[in-house]
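Student: Take a look at this one; I'll ask things after.
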Amino acid sequence: MPTPIDPPRSPTLAQIAALAGISVPTVSKVLNGGTDVSESTRRRVMASAQELGYRRKTRARLGDEGRIAVPLIDVVVKHVEGSWISRVLEGVEAAAAADGIDVVLTVARSDDHWMRRLLRRPSLGAIIVLVDTTAAQLNMLTTANIPVVVIDPITRPPADVASIGATNWDGGRLAAEHLLELGHTRIGVVGGRRSELSSSARIDGFVTALREQGVTVPAEWLAYGDWDREQAHRMASAMLSSGAARPSAIFACSDFMALGVYDAARDASLSIPERLSVVGFDDIQESGWATPPMTTVQQPIVEMGAAAYRMLREADRTTSPRTPGGSAIRMELETRLITRLSTGRPG
């Protein structure tokens with residue numbers, strides 16, 4: 001009979017301590033989210049743990065025999081303002097409640113305090129929403145054996161981190177095709193942030209559809225509103241001050257910024273849609289309450305939250321959400337155009 005091969009042993013805390021040049025108790029504090037450790041020491045410990053391939057012992061899993069069930073997941077957000085994040089939380093909470101699992105909401109500040117809070121909790125995993133996490137932070141969660149799913153990632157996540165979003169490129173294309181069908185050729189765009197994946201994808205899909213019909217967006221009519229209503233107001237006001245050469249339509253990469261375009265149109269005494277058509281993106285509740293109700297590209301926000309939860313539960317049962325090829329799952333849910341009263345033929 002062949003001699004059985006023992007599985008490789010996980011690195012010990014002593015080995016991590018030796019490599020980092022610090023004590024074993026300090027290593028234990030860092031790996032369990034202790035607060036009385038300097039940032040430089042914390043980084044040395046995590047770098048050493050990652051170099052050695054250390055993984056903290058698997059936490060209690062829901063449904064494992066002989067283990068304590070821990071019905072808790074973390075949702076980490078950048079802020080709690082606005083109905084977009086509320087609808088994501090609605091989807092996560094409803095799906096988690098159906099499984100009898102509680103949701104803990106954590107707001108990510110500018111430092112790593114939120115990371116230490118996650119390390120101290122026996123969570124089944126973390127759903128990260130609109131937080132621009134660094135590779136070091138995601139590696140820390142991996143080392144701590146905390147499964148992660150990112151909703152609407154700001155930058156492209158590492159290959160081993162699962163993510164979910166919407167078909168942003170297709171959504172931008174839908175917005176452009178709608179305005180082209182109405183006869184618009186003088187069109188402005190208000191993006192979110194230049195470097196963010198969702199904003200750049202929406203703009204790229206939009207301008208690609210225009211370009212295919214021989215329509216271009218002048219450089220002075222492409223601005224970035226930082227996802228902020230007031231800044232979008234200023235960007236749109238600059239476009240609308242062009243007199244007779246002003247755009248006849250503006251596409252904003254979020255409904256919240258589209259409301260800023262509404263503000264600019266009101267300031268310029270331009271009626272919507274008679275003299276300016278406006279298309280938003282998201283289909284938050286405020287878009288239907290606007291005057292007039294806003295044409296927008298709907299992304300399934302509640303469904304994104306629920307799907308992220310299901311992906312996280314799958315990670316909890318295995319090690320991380322993965323495709324058959326072994327890479328982390330990247331899911332995009334379909335967008336669709338919702339036509340209301342903010343768009344019409346050029347006036």
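Note on naming: chains are A, B, ... as they come in the structure tokens, residues start from 1 per chain, ligands start from 1 in the order shown.
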As a list in words, please: every residue in range 202-304 of chain A that a backbone DSSP assignment puts in strand (DSSP E or B).
Tutor: Leu222, Ala223, Tyr224, Ala249, Ile250, Phe251, Ala252, Ser277, Val278, Val279, Gly280, Phe281, Asp282, Thr295, Thr296, Val297 and Gln298 of chain A
Student: Mind running range 243-346 of chain A against range 89-103 of chain A at 8 Å and telling me each contacting residue's nearest atom pair with the distance in Å (one decimal), counting only C-alpha atoms, chain and number ascending, as CSV?
Tutor:
residue,atom,partner,partner_atom,distance
A:Ile301,CA,A:Gly91,CA,7.7
A:Val302,CA,A:Gly91,CA,4.3
A:Glu303,CA,A:Gly91,CA,5.9
A:Met304,CA,A:Gly91,CA,7.1
A:Gly305,CA,A:Gly91,CA,4.5
A:Ala306,CA,A:Gly91,CA,4.5
A:Ala307,CA,A:Val92,CA,7.9
A:Ala308,CA,A:Val92,CA,7.2
A:Tyr309,CA,A:Val92,CA,5.7
A:Arg310,CA,A:Ala95,CA,7.7
Student: Name the residues in contact with Met257 in chain A at a cut-off of 7 Å, using only C-alpha atoms, excluding same-chain residues fewer than 6 positions from it; report them as an MDAnalysis selection string.
Tutor: chainID A and resid 225 227:229 232
Student: Write out, as a compact mmCIF listing (two decimals), in the first residue's frame, the residues just selected, with C-alpha atoms.
Tutor:
# COMPACT_ATOMS: atom_id res chain seq x y z
CA GLY A 225 -19.84 65.23 -10.79
CA TRP A 227 -21.72 61.33 -7.59
CA ASP A 228 -22.75 64.60 -5.91
CA ARG A 229 -25.95 66.51 -6.72
CA ALA A 232 -23.49 67.84 -11.00
Student: Could you tell me, as a ChimeraX atom specification, which residues of range 38-265 of chain A DSSP assigns to helix (DSSP H, G or I) when given the backbone?
Tutor: /A:39-52,83-98,113-120,135-143,168-181,197-212,219-221,229-240,243-245,255-265
